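**Student:** Provided herewith: structure05.txt, compact mmCIF, C-alpha atoms and all ligand atoms.
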```
# COMPACT_ATOMS: atom_id res chain seq x y z
CA MET J 219 52.01 105.55 100.44
CA LEU J 220 49.72 107.91 102.27
CA GLU J 221 46.10 108.91 101.81
CA ILE J 222 45.18 112.58 102.13
CA GLU J 223 42.26 112.91 104.54
CA ARG J 224 41.51 116.62 104.53
CA LEU J 225 42.89 120.08 103.79
CA GLY J 226 44.35 122.23 106.56
CA HIS J 227 43.63 125.93 107.03
CA HIS J 228 46.58 126.86 104.80
CA GLY J 229 45.27 124.62 102.00
CA ASP J 230 47.86 121.82 102.44
CA GLY J 231 46.63 118.22 102.22
CA ILE J 232 46.88 116.36 105.55
CA ALA J 233 47.57 112.60 105.82
CA PRO J 234 47.52 110.65 109.12
CA GLY J 235 50.50 111.53 111.31
CA PRO J 236 49.78 114.33 110.66
CA VAL J 237 51.85 114.68 107.50
CA TYR J 238 51.32 117.91 105.54
CA VAL J 239 51.43 117.51 101.75
CA PRO J 240 51.08 120.73 99.74
CA LEU J 241 49.19 120.74 96.42
CA THR J 242 47.17 117.60 97.16
CA LEU J 243 43.47 116.93 97.70
CA PRO J 244 41.39 114.72 100.02
CA GLY J 245 41.19 111.08 98.87
CA GLU J 246 44.47 111.24 96.91
CA ILE J 247 47.11 108.56 97.42
CA VAL J 248 50.57 110.13 97.49
CA ASN J 249 54.16 109.02 97.79
CA GLY J 250 57.29 110.90 98.86
CA THR J 251 59.89 111.51 101.56
CA VAL J 252 58.53 112.74 104.86
CA LEU J 253 60.77 115.43 106.36
CA ASN J 254 59.72 117.27 109.52
CA GLY J 255 56.14 116.12 109.09
CA ARG J 256 55.91 117.32 105.47
CA ILE J 257 56.24 115.90 101.98
CA GLU J 258 57.34 118.54 99.51
CA ASP J 259 57.06 117.52 95.84
CA ALA J 260 54.83 114.51 96.52
CA ARG J 261 54.12 112.07 93.69
CA ILE J 262 50.36 111.74 93.17
CA VAL J 263 49.73 107.99 92.81
CA THR J 264 45.91 108.20 92.65
CA PRO J 265 44.53 111.66 91.81
CA SER J 266 41.20 112.98 93.09
CA ALA J 267 38.30 113.42 90.66
CA GLU J 268 38.36 117.08 91.79
CA ARG J 269 41.94 117.61 90.59
CA VAL J 270 42.21 119.99 87.63
CA ARG J 271 45.09 121.33 85.58
CA ALA J 272 46.18 124.64 87.18
CA PRO J 273 45.42 127.45 84.72
CA CYS J 274 48.46 129.55 85.67
CA PRO J 275 51.93 128.66 84.34
CA HIS J 276 53.52 130.07 87.54
CA PHE J 277 51.41 127.94 89.90
CA ARG J 278 54.02 125.36 90.95
CA SER J 279 56.59 127.96 91.97
CA CYS J 280 54.56 131.08 92.90
CA GLY J 281 53.31 131.35 96.48
CA GLY J 282 50.43 133.67 95.53
CA CYS J 283 47.95 130.80 94.97
CA SER J 284 47.85 127.43 96.72
CA LEU J 285 44.68 125.79 95.40
CA GLN J 286 44.63 126.08 91.60
CA HIS J 287 44.83 122.27 91.37
CA ALA J 288 41.27 121.95 92.76
CA SER J 289 38.00 122.29 90.84
CA ASP J 290 35.84 125.37 91.44
CA ARG J 291 33.11 123.13 92.85
CA PHE J 292 35.52 121.53 95.36
CA LEU J 293 36.83 124.92 96.48
CA ALA J 294 33.36 126.39 97.02
CA GLU J 295 32.27 123.35 99.05
CA TRP J 296 35.53 123.31 101.02
CA LYS J 297 35.30 126.99 101.97
CA GLU J 298 31.69 126.56 103.03
CA ASP J 299 32.70 123.52 105.05
CA VAL J 300 35.41 125.52 106.87
CA VAL J 301 32.66 127.88 108.06
CA ARG J 302 30.24 125.02 108.84
CA LYS J 303 32.88 123.32 111.03
CA ALA J 304 33.77 126.55 112.85
CA LEU J 305 30.07 127.02 113.63
CA ALA J 306 29.67 123.37 114.70
CA ALA J 307 32.59 123.80 117.13
CA GLN J 308 30.40 126.42 118.85
CA GLY J 309 27.32 124.17 118.65
CA LEU J 310 25.78 126.32 115.86
CA GLU J 311 24.18 125.49 112.51
CA ALA J 312 23.17 127.79 109.67
CA GLY J 313 21.56 127.77 106.27
CA PHE J 314 24.11 128.65 103.59
CA ARG J 315 23.48 130.89 100.60
CA PRO J 316 25.26 129.80 97.38
CA VAL J 317 28.95 130.75 97.45
CA HIS J 318 29.78 133.88 95.47
CA VAL J 319 33.14 133.59 93.67
CA SER J 320 34.90 136.61 92.16
CA PRO J 321 36.03 136.12 88.55
CA ALA J 322 39.65 135.41 87.62
CA ARG J 323 41.80 138.52 87.03
CA SER J 324 39.62 140.75 89.21
CA ARG J 325 41.88 141.43 92.25
CA ARG J 326 42.16 145.21 92.49
CA ARG J 327 44.42 145.30 95.51
CA ALA J 328 47.64 143.32 96.02
CA THR J 329 51.15 143.66 97.37
CA LEU J 330 53.99 142.68 95.05
CA ALA J 331 57.62 142.25 96.07
CA GLY J 332 60.64 143.63 94.23
CA THR J 333 64.38 142.89 94.51
CA ARG J 334 67.41 144.17 92.69
CA THR J 335 69.76 141.65 91.18
CA LYS J 336 73.28 142.41 89.90
CA LYS J 337 72.09 143.71 86.56
CA ALA J 338 68.32 143.85 86.68
CA ALA J 339 65.31 143.76 88.98
CA MET J 340 62.57 141.24 89.66
CA VAL J 341 58.98 141.99 90.66
CA GLY J 342 56.43 139.34 91.56
CA PHE J 343 55.11 137.23 94.41
CA HIS J 344 57.19 135.34 96.95
CA ALA J 345 57.72 131.68 96.07
CA ARG J 346 55.92 129.13 98.23
CA LYS J 347 57.43 129.16 101.77
CA SER J 348 60.46 131.10 100.57
CA ASP J 349 61.99 134.57 100.37
CA THR J 350 62.73 134.10 96.68
CA ILE J 351 60.66 136.24 94.33
CA VAL J 352 58.92 134.62 91.38
CA PRO J 353 58.64 137.14 88.54
CA ILE J 354 55.14 136.99 87.07
CA ARG J 355 54.39 137.68 83.43
CA ASP J 356 50.80 136.49 83.48
CA CYS J 357 48.65 136.21 86.60
CA PHE J 358 45.18 134.68 86.75
CA VAL J 359 44.29 136.57 89.93
CA LEU J 360 45.39 140.19 89.46
CA HIS J 361 43.41 142.72 87.44
CA PRO J 362 45.23 143.40 84.13
CA ASP J 363 45.64 147.07 85.15
CA LEU J 364 47.84 145.93 88.07
CA MET J 365 49.81 143.58 85.83
CA ALA J 366 50.44 146.43 83.39
CA MET J 367 52.43 148.26 86.09
CA ILE J 368 55.11 145.55 86.42
CA PRO J 369 57.62 147.07 83.94
CA ALA J 370 57.41 150.41 85.82
CA LEU J 371 57.75 148.61 89.17
CA GLU J 372 60.89 146.85 87.89
CA GLU J 373 62.38 150.21 86.92
CA ILE J 374 61.50 151.63 90.35
CA THR J 375 63.10 148.60 92.02
CA ARG J 376 66.32 149.33 90.12
CA LEU J 377 66.16 152.97 91.19
CA GLY J 378 65.14 152.61 94.82
CA GLY J 379 65.83 149.05 95.89
CA SER J 380 68.98 147.61 97.41
CA ARG J 381 70.41 144.13 96.91
CA SER J 382 69.90 143.32 100.57
CA ALA J 383 66.29 144.45 100.97
CA THR J 384 62.97 143.60 99.37
CA LEU J 385 60.65 146.38 98.27
CA ALA J 386 56.92 146.00 98.88
CA PHE J 387 54.53 147.61 96.39
CA ALA J 388 50.99 147.91 97.77
CA LEU J 389 48.91 148.46 94.64
CA THR J 390 45.27 149.52 94.51
CA ARG J 391 43.32 149.97 91.30
CA SER J 392 41.09 153.02 91.04
CA GLU J 393 39.20 154.45 88.09
CA ALA J 394 41.80 157.24 87.96
CA GLY J 395 44.73 154.82 87.79
CA ILE J 396 46.90 152.80 90.14
CA ASP J 397 47.65 153.95 93.67
CA CYS J 398 51.10 152.62 94.63
CA ALA J 399 52.53 152.71 98.17
CA VAL J 400 56.18 151.62 98.35
CA THR J 401 57.86 150.43 101.55
CA GLY J 402 61.24 148.86 102.28
CA GLY J 403 63.13 151.03 99.75
CA LYS J 404 66.20 153.28 100.11
CA PRO J 405 65.58 156.59 101.88
CA LEU J 406 63.98 159.17 99.62
CA ASP J 407 67.20 161.00 98.68
CA GLU J 408 67.75 163.74 96.06
CA THR J 409 68.42 161.23 93.25
CA LEU J 410 65.15 159.43 93.90
CA ARG J 411 63.25 162.70 94.26
CA MET J 412 64.54 163.73 90.83
CA ALA J 413 63.82 160.32 89.24
CA LEU J 414 60.38 159.37 90.55
CA PRO J 415 58.40 162.25 88.98
CA ARG J 416 59.00 160.59 85.59
CA TYR J 417 56.15 158.25 86.61
CA ILE J 418 53.63 161.08 87.00
CA GLY J 419 50.67 160.06 84.90
CA ARG J 420 51.61 156.36 84.96
CA PHE J 421 50.48 156.06 88.57
CA ALA J 422 47.56 158.01 90.01
CA ARG J 423 49.54 158.40 93.25
CA LEU J 424 52.98 157.27 94.38
CA THR J 425 53.88 157.11 98.05
CA TRP J 426 57.38 156.30 99.33
CA GLY J 427 57.35 155.20 102.96
CA GLU J 428 55.32 157.87 104.74
CA GLU J 429 55.74 160.50 102.01
CA THR J 430 53.50 161.08 99.00
CA VAL J 431 55.87 161.75 96.09
CA PHE J 432 53.10 162.83 93.71
CA THR J 433 49.36 162.61 93.08
CA SER J 434 48.66 162.93 89.37
CA ALA J 435 44.96 162.06 89.79
CA LEU J 436 43.03 161.35 92.99
CA PRO J 437 42.77 157.54 93.30
CA VAL J 438 39.09 157.66 94.22
CA GLN J 439 36.82 154.73 95.03
CA GLU J 440 33.07 155.02 94.53
CA PHE J 441 31.05 154.02 97.57
CA GLY J 442 27.38 154.56 96.67
CA PRO J 443 27.00 158.17 95.55
CA ALA J 444 30.26 159.25 97.26
CA LYS J 445 33.80 159.35 95.92
CA VAL J 446 36.42 158.59 98.56
CA THR J 447 40.20 158.79 98.28
CA PRO J 448 41.50 156.19 100.76
CA PRO J 449 44.84 156.82 102.52
CA PRO J 450 47.82 155.14 100.77
CA GLY J 451 47.79 151.36 101.28
CA ALA J 452 44.49 151.47 103.20
CA PHE J 453 42.14 148.50 103.51
CA LEU J 454 39.75 148.00 100.62
CA GLN J 455 37.74 144.87 99.76
CA ALA J 456 39.97 142.76 97.49
CA THR J 457 37.70 142.76 94.43
CA GLY J 458 35.00 145.19 93.29
CA ASP J 459 32.79 142.18 92.59
CA GLY J 460 33.29 140.82 96.14
CA GLU J 461 32.52 144.25 97.59
CA ALA J 462 29.24 144.36 95.63
CA ALA J 463 28.28 140.85 96.84
CA LEU J 464 29.07 141.76 100.47
CA LEU J 465 27.10 145.01 100.16
CA ALA J 466 24.07 143.13 98.77
CA ALA J 467 24.28 140.70 101.72
CA VAL J 468 24.65 143.56 104.23
CA ARG J 469 21.68 145.42 102.68
CA GLU J 470 19.55 142.34 103.04
CA ALA J 471 20.68 141.66 106.61
CA THR J 472 20.00 145.24 107.72
CA GLY J 473 16.61 145.08 105.95
CA SER J 474 14.26 147.98 106.61
CA ALA J 475 16.42 149.48 109.42
CA THR J 476 16.33 153.26 109.58
CA HIS J 477 19.35 153.87 111.84
CA ILE J 478 22.43 151.67 111.36
CA ALA J 479 25.72 151.52 113.27
CA ASP J 480 28.58 150.50 110.92
CA LEU J 481 31.38 149.26 113.19
CA PHE J 482 34.94 148.80 111.80
CA ALA J 483 33.72 150.98 108.93
CA GLY J 484 37.02 151.60 107.08
CA CYS J 485 36.62 154.48 104.59
CA GLY J 486 32.86 153.96 104.29
CA THR J 487 32.66 150.98 101.89
CA PHE J 488 29.27 150.03 103.37
CA ALA J 489 28.34 153.12 105.41
CA LEU J 490 28.09 155.43 102.38
CA PRO J 491 25.87 153.19 100.19
CA LEU J 492 23.72 152.30 103.23
CA ALA J 493 23.22 156.01 103.94
CA VAL J 494 21.15 156.31 100.76
CA ALA J 495 18.26 154.65 102.63
CA ALA J 496 19.06 154.93 106.36
CA ARG J 497 20.81 157.15 108.89
CA VAL J 498 24.26 155.70 109.60
CA HIS J 499 26.89 156.12 112.33
CA ALA J 500 30.29 154.88 111.07
CA VAL J 501 32.93 153.96 113.66
CA GLU J 502 36.53 153.07 112.77
CA GLY J 503 39.84 152.95 114.67
CA ASP J 504 42.01 154.58 112.00
CA GLY J 505 41.60 158.37 112.04
CA GLU J 506 42.97 158.78 108.51
CA MET J 507 40.32 156.44 107.14
CA ILE J 508 37.58 158.37 108.91
CA ALA J 509 39.05 161.64 107.55
CA ALA J 510 38.90 160.15 104.02
CA LEU J 511 35.28 159.08 104.59
CA ASP J 512 34.40 162.57 105.88
CA ARG J 513 35.98 164.24 102.81
CA GLY J 514 33.97 161.96 100.48
CA LEU J 515 30.82 162.61 102.48
CA ARG J 516 31.14 166.40 102.24
CA LEU J 517 30.87 166.32 98.42
CA ALA J 518 28.20 163.60 98.17
CA THR J 519 24.53 164.32 97.59
CA GLY J 520 21.39 162.30 98.21
CA LEU J 521 22.46 160.80 101.54
CA LYS J 522 20.60 160.60 104.84
CA PRO J 523 22.55 161.92 107.86
CA LEU J 524 25.83 160.03 108.29
CA THR J 525 27.97 160.65 111.38
CA THR J 526 31.49 159.34 111.96
CA GLU J 527 33.63 158.54 114.98
CA THR J 528 37.26 157.48 115.38
CA ARG J 529 37.35 154.96 118.18
CA ASP J 530 39.27 151.85 119.21
CA LEU J 531 36.48 149.30 119.36
CA PHE J 532 38.64 146.67 121.06
CA ARG J 533 39.39 148.92 124.04
CA ARG J 534 36.28 151.07 123.93
CA PRO J 535 33.43 149.18 122.23
CA LEU J 536 30.17 151.06 121.71
CA LEU J 537 28.31 150.31 124.94
CA ALA J 538 24.82 148.84 125.14
CA ASP J 539 23.22 152.19 126.03
CA GLU J 540 25.00 153.88 123.08
CA LEU J 541 23.70 151.12 120.79
CA ALA J 542 20.10 151.42 121.98
CA ARG J 543 19.26 154.08 119.35
CA PHE J 544 20.06 151.79 116.38
CA ASP J 545 17.75 149.24 114.78
CA ALA J 546 20.62 147.49 112.97
CA VAL J 547 24.35 147.00 113.46
CA LEU J 548 26.87 146.04 110.79
CA ILE J 549 30.12 144.65 112.11
CA ASP J 550 33.17 143.93 109.89
CA PRO J 551 36.15 143.45 112.23
CA PRO J 552 39.72 142.35 111.47
CA ARG J 553 40.75 138.68 111.90
CA ALA J 554 40.66 138.87 115.70
CA GLY J 555 36.90 139.37 115.55
CA ALA J 556 35.04 141.66 117.93
CA GLU J 557 34.56 139.85 121.22
CA ALA J 558 33.98 142.85 123.50
CA GLN J 559 31.90 144.74 120.93
CA THR J 560 29.66 141.73 120.24
CA ARG J 561 28.92 141.35 123.97
CA GLU J 562 27.62 144.94 124.00
CA ILE J 563 25.47 144.34 120.89
CA ALA J 564 24.00 141.27 122.61
CA LYS J 565 23.31 143.31 125.75
CA ALA J 566 21.69 146.11 123.73
CA GLN J 567 19.44 143.65 121.83
CA VAL J 568 19.77 145.61 118.56
CA PRO J 569 17.13 143.88 116.39
CA ARG J 570 19.25 143.16 113.27
CA VAL J 571 22.93 142.32 113.05
CA ALA J 572 24.87 142.00 109.78
CA MET J 573 28.24 140.32 110.24
CA VAL J 574 31.08 140.40 107.70
CA SER J 575 34.15 138.38 108.59
CA CYS J 576 37.49 137.20 107.21
CA ASN J 577 37.95 134.61 109.96
CA PRO J 578 35.37 131.81 110.38
CA VAL J 579 36.69 130.91 113.87
CA THR J 580 36.24 134.35 115.43
CA PHE J 581 33.01 134.81 113.46
CA ALA J 582 31.58 131.61 115.01
CA ARG J 583 32.74 132.67 118.49
CA ASP J 584 31.03 136.08 118.13
CA ALA J 585 27.90 134.59 116.53
CA LYS J 586 27.65 132.27 119.54
CA THR J 587 27.65 135.31 121.88
CA LEU J 588 24.66 136.62 119.94
CA THR J 589 22.70 133.35 119.74
CA GLU J 590 23.18 132.83 123.49
CA ALA J 591 21.55 136.24 123.92
CA GLY J 592 18.50 135.16 121.91
CA TYR J 593 19.48 135.95 118.30
CA ARG J 594 18.69 133.62 115.41
CA LEU J 595 21.40 132.95 112.82
CA ASN J 596 19.37 133.29 109.61
CA TRP J 597 21.93 132.60 106.92
CA VAL J 598 25.60 132.67 106.05
CA GLN J 599 27.14 133.41 102.67
CA VAL J 600 30.73 132.73 101.67
CA VAL J 601 32.01 135.50 99.37
CA ASP J 602 35.20 134.25 97.75
CA GLN J 603 37.29 137.27 96.80
CA PHE J 604 40.50 135.31 97.33
CA ARG J 605 40.09 132.76 94.60
CA TRP J 606 42.56 129.84 94.70
CA SER J 607 43.75 130.79 98.18
CA PRO J 608 42.65 129.19 101.47
CA HIS J 609 41.36 132.57 102.70
CA VAL J 610 37.63 132.52 103.62
CA GLU J 611 35.40 135.60 103.70
CA LEU J 612 31.72 135.62 104.64
CA ALA J 613 28.60 137.64 105.43
CA ALA J 614 25.82 136.58 107.80
CA SER J 615 22.44 137.75 109.07
CA LEU J 616 21.26 137.53 112.67
CA THR J 617 18.01 138.88 114.07
CA LEU J 618 16.02 138.79 117.25
CA PRO J 619 13.14 136.28 116.95
CA HIS J 620 10.39 138.89 116.48
CA ILE J 621 12.14 140.33 113.39
CA GLU J 622 11.39 138.76 110.04
CA ALA J 623 14.60 138.21 108.09
CA LYS J 624 12.97 139.28 104.83
CA PRO J 625 14.70 141.34 102.14
CA LYS J 626 13.67 144.96 101.70
CA LYS J 627 11.25 145.51 98.82
CA GLY J 628 13.12 145.70 95.54
CA GLN J 629 16.21 143.93 96.90
CA GLY J 630 16.54 140.28 96.10
C1 LIG J 701 38.05 144.07 107.54
S1 LIG J 701 38.34 145.80 107.58
C2 LIG J 701 36.73 146.39 107.12
C3 LIG J 701 36.65 147.81 106.70
C4 LIG J 701 35.35 148.22 105.98
N1 LIG J 701 34.17 147.69 106.61
C5 LIG J 701 35.40 147.86 104.51
O1 LIG J 701 34.68 146.94 104.09
O2 LIG J 701 36.16 148.48 103.75
C6 LIG J 701 38.45 146.07 109.29
C7 LIG J 701 38.58 147.51 109.71
O3 LIG J 701 38.71 147.54 111.15
C8 LIG J 701 39.59 148.58 111.51
N2 LIG J 701 40.08 148.26 112.85
C9 LIG J 701 41.06 147.39 113.20
N3 LIG J 701 41.19 147.37 114.54
C10 LIG J 701 40.28 148.23 115.05
C11 LIG J 701 39.93 148.64 116.37
N4 LIG J 701 40.57 148.14 117.43
N5 LIG J 701 38.95 149.55 116.53
C12 LIG J 701 38.30 150.06 115.44
N6 LIG J 701 38.59 149.71 114.18
C13 LIG J 701 39.57 148.82 113.97
C14 LIG J 701 40.64 148.57 110.40
O4 LIG J 701 41.29 149.82 110.32
C15 LIG J 701 39.79 148.24 109.17
O5 LIG J 701 39.35 149.42 108.55
```
As structure tokens, please, write out the structure in this file.

**Tutor:**
Amino acid sequence: MLEIERLGHHGDGIAPGPVYVPLTLPGEIVNGTVLNGRIEDARIVTPSAERVRAPCPHFRSCGGCSLQHASDRFLAEWKEDVVRKALAAQGLEAGFRPVHVSPARSRRRATLAGTRTKKAAMVGFHARKSDTIVPIRDCFVLHPDLMAMIPALEEITRLGGSRSATLAFALTRSEAGIDCAVTGGKPLDETLRMALPRYIGRFARLTWGEETVFTSALPVQEFGPAKVTPPPGAFLQATGDGEAALLAAVREATGSATHIADLFAGCGTFALPLAVAARVHAVEGDGEMIAALDRGLRLATGLKPLTTETRDLFRRPLLADELARFDAVLIDPPRAGAEAQTREIAKAQVPRVAMVSCNPVTFARDAKTLTEAGYRLNWVQVVDQFRWSPHVELAASLTLPHIEAKPKKGQG
């Protein structure tokens, strides 16, 4: 018998040893065969009071979710605690805003896998720690508009998949329909070129490898007053609800700033709405994303001047003297964080810094660089767009001591 002491970063329960026990919770007494430091299919002898019945019928087999057996309250506290511990490891503390959790069935962006079998095709998520695909008929995470595409994706898998390879369908919901970018399929030969146009109208856009097969309607996203068509498969916040919560946090953290640098700006998710009230300079490493932002910007009205720049911010961060003209910086880097860029922000002493992060460890490291340079960490908010997964996303506000971290008038 073993007692689970805590959850690891992948959401597995951990008992002394350490022994990793998936689908368990802290305080639970479990039994099972330990193999290579793991117990698969543990028997729960004493369940936690936080254990709930998983809502999804696919939960035990599907690898898409790993924490549906935990209560919402436990998950919110656990995610906040992951951030609190990462900060404590850097000697930092923060006040936490209530966790914002996106509703079930609101994921607008996901990658599904497809394989061809002898007679049919299967589309779904990979099974837990396996290459096998679990077909999904009902999913508590994905937006119903994504789920509705599965029959078409199965047909496409039969047409363009092989029995040895797995197709990946990167799906993004837009108001105009689903944007689908397919990779891992057969080369786009004449047969496929003849067959795929039958899906015109069912997808807004279909891309095969590097090639766009058709665009029946521009798969636009609305960022403030602008409409942007992101490149196929491009980054987009996972839920519209999570994006709105992050934007509200970023607005508050940038406060009354009149000139904002948006670093790691993507296609303008934050830059375009922020430009309603302030001048913005958006910097991003991917030229196609900046081109998409620029196209959206050209047709938008009611914005203050917004400039863009394609730049690798790991190799060539904006330097302190380039940052001196801004009174706020928003930084939303990939998982690696933004070590070099944060050092320059600290040097420049930009009064307000809004941080958005998908990795509490690199967030805490970069926040420490700022606090060592005199910044105050005002608050942190976990925004849970990845419900029932161990993934943690957050926004935070830092200011120099003479700046009051008060919301702008009219923004709560
Ligand atoms: C977490 S996403 C955030 C994008 C945007 N802020 C949004 O909310 O949609 C991180 C962004 O950083 C960009 N990126 C990754 N590495 C980079 C680098 N070395 N220099 C500049 N941008 C980079 C990615 O292309 C991606 O758009």

**Student:** Any chance you could work out the axis-aligned box around ligand LIG 701 (chain J), listed atoms only, 4 Å on each side, giving centre and edge lengths in Å to one decimal, as JSON?

**Tutor:**
```
{"center_x": 37.7, "center_y": 147.1, "center_z": 110.6, "size_x": 15.1, "size_y": 14.0, "size_z": 21.7}
```

**Student:** With distances taken over all atoms listed in the file, which of J:Ala435, J:Ala306, J:Ile508, J:Ala564 is nearest to Gly419 of chain J?

**Tutor:** J:Ala435

**Student:** What gap, in Å, lies between atom CA of His609 of chain J and atom CA of Gly503 of chain J?

**Tutor:**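 Going from atom CA of His609 of chain J over to atom CA of Gly503 of chain J covers 23.7 Å.
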
**Student:** Give me the residues within 10 Å of Leu360 of chain J as a list in words, counting only C-alpha atoms and dropping any in the same chain fewer than 3 places off.

**Tutor:**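 After dropping sequence-adjacent residues, the list is Ala322, Arg323, Ser324, Arg325, Arg326, Arg327, Ala328, Asp356, Cys357, Asp363, Leu364, Met365 and Thr457 of chain J.
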
**Student:** Next, dump the selected residues to file, keeping only C-alpha atoms, as a compact mmCIF listing (two decimals), keeping the file's coordinate frame.

**Tutor:**
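Okay, out_12.txt is ready:
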```txt
# COMPACT_ATOMS: atom_id res chain seq x y z
CA ALA J 322 39.65 135.41 87.62
CA ARG J 323 41.80 138.52 87.03
CA SER J 324 39.62 140.75 89.21
CA ARG J 325 41.88 141.43 92.25
CA ARG J 326 42.16 145.21 92.49
CA ARG J 327 44.42 145.30 95.51
CA ALA J 328 47.64 143.32 96.02
CA ASP J 356 50.80 136.49 83.48
CA CYS J 357 48.65 136.21 86.60
CA ASP J 363 45.64 147.07 85.15
CA LEU J 364 47.84 145.93 88.07
CA MET J 365 49.81 143.58 85.83
CA THR J 457 37.70 142.76 94.43
```

**Student:** Go through the chains and note each residue within 7 Å of ligand LIG 701 (chain J), using only C-alpha atoms and all ligand atoms, then give the set as JSON, numbers by chain.

**Tutor:** {"J": [453, 454, 455, 482, 483, 484, 485, 486, 487, 488, 501, 502, 503, 504, 529, 530, 531, 532, 533, 550, 551, 552, 575, 576]}

**Student:** Please measure the separation of atom CA of Asp539 of chain J and atom CA of Ser615 of chain J, giving the value in Å to one decimal.

**Tutor:**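 Computing the Euclidean distance for atom CA of Asp539 of chain J and atom CA of Ser615 of chain J yields 22.3 Å.
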
**Student:** Of the candidates J:Ala471, J:Ala500, J:Ala338, J:Met367, which one gets nearest to Leu618 of chain J if we count only C-alpha atoms?

**Tutor:** J:Ala471

**Student:** Please indicate the distance in Å from atom CA of Pro369 of chain J to atom CA of Tyr417 of chain J, rounded to one decimal place.

**Tutor:**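 Taking atom CA of Pro369 of chain J and atom CA of Tyr417 of chain J, their separation equals 11.6 Å.
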
**Student:** Counting all atoms listed in the file, which residues come within 12 Å of (23.1, 134.8, 119.9), with the point read in the file's coordinates, and could you list them as JSON, numbers by chain?

**Tutor:** {"J": [308, 309, 310, 311, 560, 561, 562, 563, 564, 565, 567, 568, 569, 570, 571, 581, 582, 583, 584, 585, 586, 587, 588, 589, 590, 591, 592, 593, 594, 595, 596, 615, 616, 617, 618, 619]}

**Student:** I want to know what sits within 12 Å of Arg278 of chain J, based on all atoms listed in the file, with residues of the same chain fewer than 2 positions away left out; could you give that as a list in words?

**Tutor:** Pro240, Leu241, Glu258, Asp259, Arg271, Ala272, Pro273, Cys274, Pro275, His276, Cys280, Gly281, Gly282, Cys283, Ser284, Leu285, Gln286, His287, Ala345, Arg346, Lys347 and Val352 of chain J

**Student:** Would you pick out the contacts of Ile351 of chain J at 9 Å or less, using only C-alpha atoms, so that residues sharing its chain but fewer than 5 positions from it are not included, and give the list as a VMD selection string?

**Tutor:** chain J and resid 280 331 to 333 340 to 345

**Student:** For Thr519 of chain J, work out the shell of residues within 9 Å, counting all atoms listed in the file and skipping chain neighbours fewer than 3 positions away, then give it as a ChimeraX atom specification.

**Tutor:** /J:443-444,515-516
